[in-house]
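Read the structure below first, then the notes.
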Amino acid sequence: MRRQVLFLISVLSVSPVLGQVSYSINEEMSVGSVVGRIAEDLGLDVERLKSRKARAFFGDSREYIELNKDRGVLLIKERIDRETFCGQTVPCAMHFQIILEKPVEFYRIIVEIVDINDNPPVFEKGDIKFKISESAVTGSKFDLEGAVDLDVGINGLQTYILKPTDNFALKLHNQADGSRNVEMILKQPLDREKSEHLSLVLTAVDGGEPQMSGTMQVLITVLDANDNAPVFTKSVYKATVAENSPKGTIVTTVSASDADHGSNGRITYSIRNTLDDVRHLFEVNEHTGEVRLIGNIDYEKSRNYQINVRASDDGGLTDTCKVIVDIIDVNDNYPLINVMSETNIISEDVKIQTVITIINIQDIDDGENGKVLCKITENIPFLLKSTENNFYSLVTDSELDRERASEYNITVTCSDEGVPSLSSSVTLTLHISDVNDNEPVYERSSYEAYIVENNTPGVSIFTVRATDADWNQNARVSYILEDSSVNGVPVSSYVSISADSGVIHAVRSFDYEQIKDFQFRVKAQDGGSPPLSSNVTVKMMIQDENDNPPQVLYPVQTGGSVVAEMVPRSADVGYLVTKVVAVDVDSGQNAWLSYKLQKATDRALFEVGSQNGEIRTIRQVSDKDAVKQRLSVIVEDNGQPSRSATVIVNVAVADSFPEVLSEFSDFPHDREYNDNLTFYLVLALAVVSFLFITCLVVIISVKIYRWRQSRILYHSNLPVIPYYPPRYSDTLGTTGTLQHVYNYEVCRTTDSRKSDCKFGRAGSQNVLIMDPSCSGTMQRMQSEKSILDEPDSPLEV
């Protein structure tokens with residue numbers, strides 16, 4: 001294979017660099033054959049070729065060649081037939097571009113297709129017939145159909161051979177277009193009487209290796225004399241016609257004359273072109289010589305046509321002329337816009353004047369019809385710069401901000417200068433990729449959250465929310481509880497936060513009476529690299545719940561003693577007996593207390609202040625009123641639901657202490673306490689009895705065992721040495737006793753029926769504390785006070 005490489009680099013006014021590489025290959029090479037080592041010729045290694053996303057750009061042409069980035073070579077993708085690709089055009093070349101990204105660069109590639117001898121000369125017809133008069137003079141010319149060889153150069157048609165050569169010889173005429181006109185020359189007169197029909201073989205031979213040929217039969221019928229051939233008025237006719245002219249348009253009219261008469265002077269016109277598609281575009285009226293348009297002509301395909309017209313009379317004599325038709329260009333092609341770069345995503349932090357893509361504009365019209373001017377959408381941060389050879393660069397004109405515009409639809413409109421002007425447009429969608437340049441922003445500058453005490457651990461309290469103007473991972477916000485402490489305890493022991501949703505949960509159950517509020521900080525951090533964050537303060541307010549009943553501070557409720565308030569019989573209406581004092585550790589309305597008399601021995605004698613808890617008489621005390629008065633006062637708070645406490649107030653209506661003692665001596669004791677005491681005494685008695693019986697059984701068993709041992713020793717001859725366990729003695733044969741001393745302590749309790757009275761000092765002279773089991777007098781109690789003040793002193797028995 002013959003390969004030639006031409007490498008040329010030219011520096012342009014914009015960042016892409018254009019270079020040119022030329023190769024030469026033979027046609028009909030097998031698929032996969034190497035065209036050229038493009039990576040080596042461009043001075044690039046294979047890895048750079050791959051990393052820069054190299055690709056071949058053919059525009060709207062068929063892709064016969066492909067780029068193998070792994071090997072850095074150009075390969076035959078599809079078998080190339082030079083005759084199909086270029087026809088008779090010499091030289092035959094294929095043009096395409098190699099595009100590189102990051103930065104955007106492109107190179108022009110020219111591949112010349114070299115012809116090989118793969119087509120033999122071919123005649124359009126297998127035979128041609130002539131009617132030649134026997135009177136034809138020596139030297140008469142007969143125009144023969146030429147053969148067509150699609151190959152070019154040395155591989156094309158070279159010569160013709162005519163056999164046999166008894167009557168005729170060949171004469172070749174070189175034409176201005178490079179073709180050859182074949183004529184058969186009569187070198188010896190014909191004799192119809194000797195031979196009416198002649199058969200010759202015309203052979204067309206090319207110059208390739210190996211040599212190829214084609215044949216056509218020349219059949220000659222000898223006629224009587226026809227001594228005048230047709231003659232055209234002009235040897236060359238010229239005409240012009242606009243492209244896209246309708247079918248049937250008359251291009252021109254040719255004319256020939258023949259001096260003969262009759263059938264020998266009747267002229268027939270025909271087109272003898274065999275090389276191109278003239279016969280598919282034009283026709284000639286065989287009688288009038290009018291040349292008409294029968295196909296669609298395109299200036300961009302061919303700018304002129306040459307029509308070979310032949311005039312034949314009935315005697316077989318001919319003459320030829322040429323009709324040259326020039327095609328006039330019409331602005332019938334829209335500009336073709338080719339986007340040569342696949343870049344459709346750019347980062348928002350790219351610099352100004354960065355090349356985004358390269359655009360190639362093609363308009364195959366000619367002159368002003370092919371001049372194109374392009375522009376883009378206004379009011380966008382991009383600029384379209386013209387380079388050369390109808391290439392444009394789309395560059396950034398100002399800074400980009402994805403949060404302001406995440407994508408741009410850039411419309412490129414290209415118009416030619418024809419009349420009327422034709423235009424095309426293409427819309428490029430350019431996505432702006434995000435950069436982490438925005439920190440999370442909270443909806444508020446600070447938050448206040450509320451939760452009712454006695455909550456369930458793990459319950460959600462509040463949600464903080466922050467938004468990030470960035471996108472995707474850069475906008476994914478995570479919430480983090482910052483380290484701090486509340487009353488010396490880490491805040492994480494109080495609350496936790498969901499990293500994804502920002503929901504704040506209670507870690508523990510709160511008690512308003514222990515902590516009323518606290519605050520902490522939450523950090524919102526995005527998922528960018530490096531991450532950005534912002535903080536917000538959350539103040540947690542604990543709301544009170546009515547979870548504590550009122551507590552009575554006065555009067556004090558004792559277990560076995562009776563607290564009594566004295567009211568003299570001379571007390572007037574409104575006399576202040578006592579005051580119930582209670583508190584509630586809750587707050588707000590949960591701590592608002594109200595007092596109410598629930599039960600009373602005589603409800604007509606006393607009343608309780610609903611707000612202050614004061615117990616006062618509501619009438620004059622009389623002698624008929626009982627000395628013992630028992631009041632049940634209920635204290636309620638104002639919570640929902642409300643909680644309450646009950647206090648028993650004993651009131652003694654009397655003027656002296658003895659009267660009070662006599663009346664209060666039969667107050668019932670605390671049955672529950674006495675029942676418990678009895679239970680414990682019975683249990684203690686049972687345990688002692690069990691231990692006593694066990695010890696007794698053990699002692700008796702030991703005595704019997706020792707007695708039996710002594711009997712055995714008495715009958716033996718061995719000396720008897722009695723054994724006595726520790727702390728055991730046997731005196732004069734008496735039974736043993738335990739050398740233990742037992743001390744008994746008598747502990748007196750205030751509630752025991754067998755103990756003496758125990759008095760306490762009252763807060764005022766009207767308050768008595770007494771034991772209902774007392775049967776002694778007040779004086780006796782006072783005299784025995786010294787003994788009662790030492791309840792833990794032991795008594796030995």
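So you can find residues: chains in the structure tokens are A, B, ... in the order shown, residues in each start at 1, and ligands are numbered from 1 in order.
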
So that each row is one residue of range 462-496 of chain A with an atom at most 9 Å from range 517-528 of chain A, can you give its shortest atom pair and the distance in Å to one decimal, using only C-alpha atoms, rows by chain and rising number, as a Markdown table?
```
| residue | atom | partner | partner_atom | distance |
| --- | --- | --- | --- | --- |
| A:Val464 | CA | A:Val522 | CA | 8.5 |
| A:Arg465 | CA | A:Ala524 | CA | 8.6 |
| A:Ala466 | CA | A:Ala524 | CA | 6.8 |
| A:Asp468 | CA | A:Asp526 | CA | 7.5 |
| A:Asn472 | CA | A:Gly527 | CA | 8.7 |
| A:Gln473 | CA | A:Gly527 | CA | 5.3 |
| A:Asn474 | CA | A:Gly528 | CA | 4.3 |
| A:Ala475 | CA | A:Asp526 | CA | 5.8 |
| A:Arg476 | CA | A:Asp526 | CA | 5.3 |
| A:Val477 | CA | A:Asp526 | CA | 4.4 |
| A:Ser478 | CA | A:Gln525 | CA | 5.2 |
| A:Tyr479 | CA | A:Ala524 | CA | 4.7 |
| A:Ile480 | CA | A:Lys523 | CA | 5.1 |
| A:Leu481 | CA | A:Val522 | CA | 4.8 |
| A:Glu482 | CA | A:Arg521 | CA | 5.7 |
| A:Asp483 | CA | A:Arg521 | CA | 8.2 |
| A:Ser484 | CA | A:Phe520 | CA | 6.9 |
| A:Ser485 | CA | A:Phe520 | CA | 8.3 |
| A:Val486 | CA | A:Phe518 | CA | 6.8 |
| A:Val491 | CA | A:Phe520 | CA | 7.2 |
```

Considering only C-alpha atoms, return as a ChimeraX atom specification whatever protein or nucleic-acid residues lie within 9 Å of Ser421 in chain A, sequence-local ones (same chain, fewer than 3 positions apart) excluded. /A:331,334,369,415-418

Apply DSSP to the backbone of this structure and, from range 43-283 of chain A, keep only the residues in helix (DSSP H, G or I); write these as a tab-separated table (two decimals) with N, CA, C and O atoms, in the first residue's frame.
```
chain	number	residue	atom	x	y	z
A	46	VAL	N	-1.35	7.45	22.74
A	46	VAL	CA	-2.69	6.84	22.69
A	46	VAL	C	-3.53	7.25	23.90
A	46	VAL	O	-4.73	7.49	23.78
A	47	GLU	N	-2.89	7.36	25.08
A	47	GLU	CA	-3.65	7.70	26.29
A	47	GLU	C	-4.24	9.11	26.19
A	47	GLU	O	-5.37	9.36	26.58
A	48	ARG	N	-3.47	10.05	25.66
A	48	ARG	CA	-4.00	11.41	25.48
A	48	ARG	C	-5.10	11.42	24.43
A	48	ARG	O	-6.07	12.17	24.54
A	49	LEU	N	-4.96	10.58	23.43
A	49	LEU	CA	-6.00	10.50	22.41
A	49	LEU	C	-7.31	10.04	23.01
A	49	LEU	O	-8.39	10.53	22.67
A	50	LYS	N	-7.22	9.07	23.94
A	50	LYS	CA	-8.44	8.56	24.60
A	50	LYS	C	-8.97	9.54	25.63
A	50	LYS	O	-10.17	9.77	25.73
A	51	SER	N	-8.09	10.11	26.43
A	51	SER	CA	-8.55	11.02	27.49
A	51	SER	C	-9.19	12.28	26.93
A	51	SER	O	-10.04	12.89	27.56
A	82	ARG	N	-13.63	3.83	-5.50
A	82	ARG	CA	-13.28	5.17	-5.98
A	82	ARG	C	-14.26	5.65	-7.03
A	82	ARG	O	-14.62	6.83	-7.09
A	83	GLU	N	-14.72	4.76	-7.88
A	83	GLU	CA	-15.62	5.16	-8.96
A	83	GLU	C	-16.97	5.62	-8.39
A	83	GLU	O	-17.60	6.54	-8.93
A	84	THR	N	-17.42	4.95	-7.30
A	84	THR	CA	-18.68	5.37	-6.67
A	84	THR	C	-18.48	6.67	-5.90
A	84	THR	O	-19.35	7.54	-5.87
A	85	PHE	N	-17.34	6.80	-5.30
A	85	PHE	CA	-17.09	7.95	-4.42
A	85	PHE	C	-16.80	9.22	-5.21
A	85	PHE	O	-17.31	10.29	-4.90
A	86	CYS	N	-15.98	9.12	-6.26
A	86	CYS	CA	-15.54	10.33	-6.98
A	86	CYS	C	-15.92	10.33	-8.46
A	86	CYS	O	-15.80	11.38	-9.12
A	153	GLY	N	-6.76	7.44	-15.31
A	153	GLY	CA	-5.32	7.36	-15.49
A	153	GLY	C	-4.91	6.20	-16.36
A	153	GLY	O	-5.58	5.84	-17.35
A	154	ILE	N	-3.83	5.56	-15.98
A	154	ILE	CA	-3.31	4.44	-16.74
A	154	ILE	C	-4.26	3.27	-16.71
A	154	ILE	O	-4.26	2.42	-17.61
A	155	ASN	N	-5.09	3.20	-15.67
A	155	ASN	CA	-6.05	2.09	-15.56
A	155	ASN	C	-7.28	2.32	-16.44
A	155	ASN	O	-8.13	1.45	-16.54
A	262	GLY	N	-34.87	12.16	-50.25
A	262	GLY	CA	-35.54	10.94	-49.87
A	262	GLY	C	-35.06	10.43	-48.54
A	262	GLY	O	-34.70	11.18	-47.62
A	263	SER	N	-35.04	9.12	-48.49
A	263	SER	CA	-34.64	8.51	-47.22
A	263	SER	C	-33.19	8.78	-46.90
A	263	SER	O	-32.79	8.84	-45.75
A	264	ASN	N	-32.36	8.99	-47.91
A	264	ASN	CA	-30.96	9.28	-47.65
A	264	ASN	C	-30.75	10.67	-47.08
A	264	ASN	O	-29.68	10.95	-46.53
A	265	GLY	N	-31.74	11.52	-47.21
A	265	GLY	CA	-31.63	12.87	-46.66
A	265	GLY	C	-32.45	13.08	-45.40
A	265	GLY	O	-32.48	14.19	-44.84
A	278	VAL	N	-25.91	12.21	-18.42
A	278	VAL	CA	-26.56	13.20	-19.28
A	278	VAL	C	-27.87	12.68	-19.83
A	278	VAL	O	-28.87	13.40	-19.92
A	279	ARG	N	-27.89	11.41	-20.20
A	279	ARG	CA	-29.11	10.85	-20.79
A	279	ARG	C	-30.27	10.83	-19.80
A	279	ARG	O	-31.42	10.75	-20.20
A	280	HIS	N	-29.95	10.88	-18.46
A	280	HIS	CA	-31.02	10.90	-17.47
A	280	HIS	C	-31.51	12.32	-17.18
A	280	HIS	O	-32.54	12.49	-16.53
A	281	LEU	N	-30.74	13.31	-17.69
A	281	LEU	CA	-31.11	14.70	-17.43
A	281	LEU	C	-31.64	15.42	-18.68
A	281	LEU	O	-32.47	16.33	-18.57
```

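For Asp166 in chain A, the set of protein, DNA and RNA residues having any atom at most 12 Å away, when counting only C-alpha atoms and skipping those fewer than 6 positions along the same chain, is Ile185, Leu186, Lys187, Gln188, Pro189, Leu190, Leu198, Ser199 and Leu200 of chain A.
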
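Of note, CA of Arg108 in chain A and CA of Gln20 in chain A are spaced 4.6 Å apart.
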
With a cut-off of 12 Å, could you pull out the residues of range 475-568 of chain A touching range 591-613 of chain A and give me the nearest pair of atoms for each, distance in Å to one decimal, using only C-alpha atoms, ordered by chain and ascending number, as a Markdown table?
```
| residue | atom | partner | partner_atom | distance |
| --- | --- | --- | --- | --- |
| A:Glu513 | CA | A:Ala591 | CA | 11.8 |
| A:Asp544 | CA | A:Ala591 | CA | 10.1 |
| A:Glu545 | CA | A:Ala591 | CA | 10.1 |
| A:Asn546 | CA | A:Ala591 | CA | 8.1 |
| A:Asp547 | CA | A:Ala591 | CA | 10.4 |
| A:Asn548 | CA | A:Ala591 | CA | 8.9 |
| A:Pro549 | CA | A:Ala591 | CA | 9.0 |
| A:Pro550 | CA | A:Leu593 | CA | 7.7 |
| A:Gln551 | CA | A:Leu593 | CA | 10.4 |
| A:Val552 | CA | A:Gly613 | CA | 10.8 |
| A:Leu553 | CA | A:Gly613 | CA | 11.8 |
| A:Tyr554 | CA | A:Gly613 | CA | 10.3 |
| A:Pro555 | CA | A:Gly613 | CA | 11.2 |
| A:Val567 | CA | A:Phe606 | CA | 11.2 |
```

Would you save the residues of that selection, restricted to C-alpha atoms, as a PDB file, in the first residue's frame?
```
ATOM      1  CA  GLU A 513     -39.561  20.947  88.628  1.00  0.00           C
ATOM      2  CA  ASP A 544     -45.406  22.182  83.315  1.00  0.00           C
ATOM      3  CA  GLU A 545     -47.850  19.292  83.750  1.00  0.00           C
ATOM      4  CA  ASN A 546     -50.054  18.706  86.739  1.00  0.00           C
ATOM      5  CA  ASP A 547     -48.087  15.715  87.981  1.00  0.00           C
ATOM      6  CA  ASN A 548     -47.680  16.659  91.664  1.00  0.00           C
ATOM      7  CA  PRO A 549     -50.510  16.610  94.214  1.00  0.00           C
ATOM      8  CA  PRO A 550     -50.683  19.281  96.901  1.00  0.00           C
ATOM      9  CA  GLN A 551     -48.541  18.646 100.005  1.00  0.00           C
ATOM     10  CA  VAL A 552     -49.958  19.563 103.411  1.00  0.00           C
ATOM     11  CA  LEU A 553     -47.385  21.290 105.593  1.00  0.00           C
ATOM     12  CA  TYR A 554     -49.682  21.984 108.539  1.00  0.00           C
ATOM     13  CA  PRO A 555     -51.214  20.402 110.498  1.00  0.00           C
ATOM     14  CA  VAL A 567     -61.370  26.049 120.812  1.00  0.00           C
TER      15      VAL A 567
END
```

Within 12 Å of Gly316 in chain A using only C-alpha atoms, minus same-chain residues under 3 positions, as an MDAnalysis selection string: chainID A and resid 128:134 136 140:144 220:230 258 263:268 310:313 319

One number please: CA of Asn344 in chain A to CA of Leu430 in chain A, in Å, one decimal. 4.8 Å

Test item, strand (DSSP E or B) assignment across range 212-426 of chain A, answer as a ChimeraX atom specification: /A:213-223,231-232,236-242,250-253,256-257,267-271,282-284,290-293,304-313,318-328,336-339,345-347,355-362,372-376,382-386,391-396,407-416,423-426

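Of the listed residues A:Val395, A:Val31, A:Val635, A:Val441, the one whose atoms come nearest to Ile346 in chain A is A:Val395, with distances taken using only C-alpha atoms.
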
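Using only C-alpha atoms for every distance, the candidate list A:Glu101, A:Glu300, A:Asp45, A:Asp584 yields A:Asp45 as the residue closest to Asp70 in chain A.
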
For Ser393 in chain A, list every protein, DNA or RNA residue within 8 Å, evaluated using only C-alpha atoms, and leave out those in the same chain fewer than 3 positions away; present the list as a list in words. Val14, Val355, Ile356, Thr357, Ile358, Ile359, Leu384, Lys385, Ser386 and Thr387 of chain A

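Between CA of Ile109 in chain A and CA of Val339 in chain A the separation is 17.8 Å.
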